[in-house]
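Here's the structure, in structure tokens; my notes come after.
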Amino acid sequence: MISSSSLSSCVAPRHCCHARQPWSAGSPQARTRITRTSRPRHVSATAGAKEALLTAVQDTNFGLGISPGKAQQVQDLVKQLQASPPKGAAYTSGPMQGDWRLLYTTELSVHKIVGGLVLGMPVQAISQRVDLQEKRVTNCIQFAKFGAGIKATAPLTVQSSSRIQYTFDGLSLLLLKRELPFPFFPRAGGWTEAVYLDADIRVMQNSQGDTLVFVREGAE
């Protein structure tokens, strides 16, 4: 039902299962929240690249609806951010911790889900919780109808200051406030690495060669 790359990228915590008003990458709420991260006119090259990246991934339906030209722009901006990480960055010592909303991914398997090829319903939100203390990752894809969602959980291993690895050991269908575990599913996983991370944005690349852009829950 879900391939290894889709499991190893997106997904959510309490916000998926017990959500407040959710928002997706192309929703008015997402555009408003992204706009709130705007900086003064005189900004550093890194801050400018960050703002340009957030603008570029707006209204792309998690990357499914992006044009080739804009997709190349996203990759160029990611390279700019990767070249100038925050000083003393040790992402897996704390900054990666928390709840994150997926705005953009290049994963084709995720795009199939977003395009309605799995449950035939629009995707409302894709989120991920990284818990470095409990050493767990929880991913959730939230659909727009019937309180439906898919939740996957995995133990994580810190491999370096920027990379974690995990293999999923739990998969559940969320439906009408019930959680229905799948007894059998592919043990998908892999590593994912932060190429840029600050207080409110996380840019990742994974073992499948995909790029993902998250914003922190509650980032203003």
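Ordering of the structure tokens sets the chain letters (A, B, ...), residue numbers begin anew at 1 in every chain, and ligands are numbered from 1 in the order given.
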Legend entry - Surrounding residues of A:Leu103 excluding itself and chain neighbours under 3 positions, 7 Å, only C-alpha atoms, as a PyMOL selection string: chain A and resi 25+57+62+213-214
Please dump the current selection as a PDB file, in the first residue's frame; keep N, CA and C atoms.
```pdb
ATOM      1  N   ALA A  25       0.111  22.044   2.163  1.00  0.00           N
ATOM      2  CA  ALA A  25       1.135  22.883   1.555  1.00  0.00           C
ATOM      3  C   ALA A  25       0.550  23.958   0.654  1.00  0.00           C
ATOM      4  N   VAL A  57       7.908  26.713  -2.800  1.00  0.00           N
ATOM      5  CA  VAL A  57       7.161  25.472  -2.550  1.00  0.00           C
ATOM      6  C   VAL A  57       5.689  25.722  -2.242  1.00  0.00           C
ATOM      7  N   PHE A  62       2.394  19.603  -2.180  1.00  0.00           N
ATOM      8  CA  PHE A  62       3.461  18.737  -1.680  1.00  0.00           C
ATOM      9  C   PHE A  62       4.467  18.374  -2.765  1.00  0.00           C
ATOM     10  N   VAL A 213      11.039  19.375   2.314  1.00  0.00           N
ATOM     11  CA  VAL A 213      11.054  20.654   3.017  1.00  0.00           C
ATOM     12  C   VAL A 213       9.933  20.639   4.061  1.00  0.00           C
ATOM     13  N   PHE A 214      10.299  20.821   5.323  1.00  0.00           N
ATOM     14  CA  PHE A 214       9.361  20.854   6.440  1.00  0.00           C
ATOM     15  C   PHE A 214       9.393  22.232   7.096  1.00  0.00           C
TER      16      PHE A 214
END
```
Legend entry - Surrounding residues of A:Ala56 excluding itself and chain neighbours under 6 positions, 9 Å, only C-alpha atoms, as a VMD selection string: chain A and resid 70 to 71 73 to 74
Legend entry - Selection near A:Ser172, 9 Å with only C-alpha atoms, sequence-local residues under 4 positions removed, as a PyMOL selection string: chain A and resi 149-153+179-183
Legend entry - Point-to-point distance in Å for atom CA of A:Thr106 and atom CA of A:Pro68: 11.5 Å
Legend entry - Length of the atom CA of A:Thr92 to atom CA of A:Arg129 vector [Å]: 13.4 Å
Inset, instruction - Identify which of the residues A:Asn139, A:Ser161, A:Ser93, A:Thr105 lies closest to A:Gly189, counting only C-alpha atoms when measuring atom-to-atom distances. - result: A:Asn139
Legend entry - Option closest in space to A:Leu171, from A:Gln208, A:Gln128, A:Gln97, A:Thr138 [counting only C-alpha atoms]: A:Thr138
Legend entry - Separation of atom CA of A:Gln159 from atom CA of A:Thr192, in Å and rounded to one decimal: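 Those two atoms sit 9.8 Å apart.
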Inset, instruction - Just the residues within 9 Å of stretch 193-199 of chain A, please, counting only C-alpha atoms, with nothing from its chain fewer than 5 positions along; format it as a PyMOL selection string. - result: chain A and resi 78-79+81-86+89+91-92+95-96+160-165+204-207+215-216+219
Inset, instruction - Taking the chain letters and numbering used in this document, name the residues of stretch 40-73 of chain A that DSSP puts in helix (DSSP H, G or I), as a VMD selection string. - result: chain A and resid 45 to 56 68 to 73
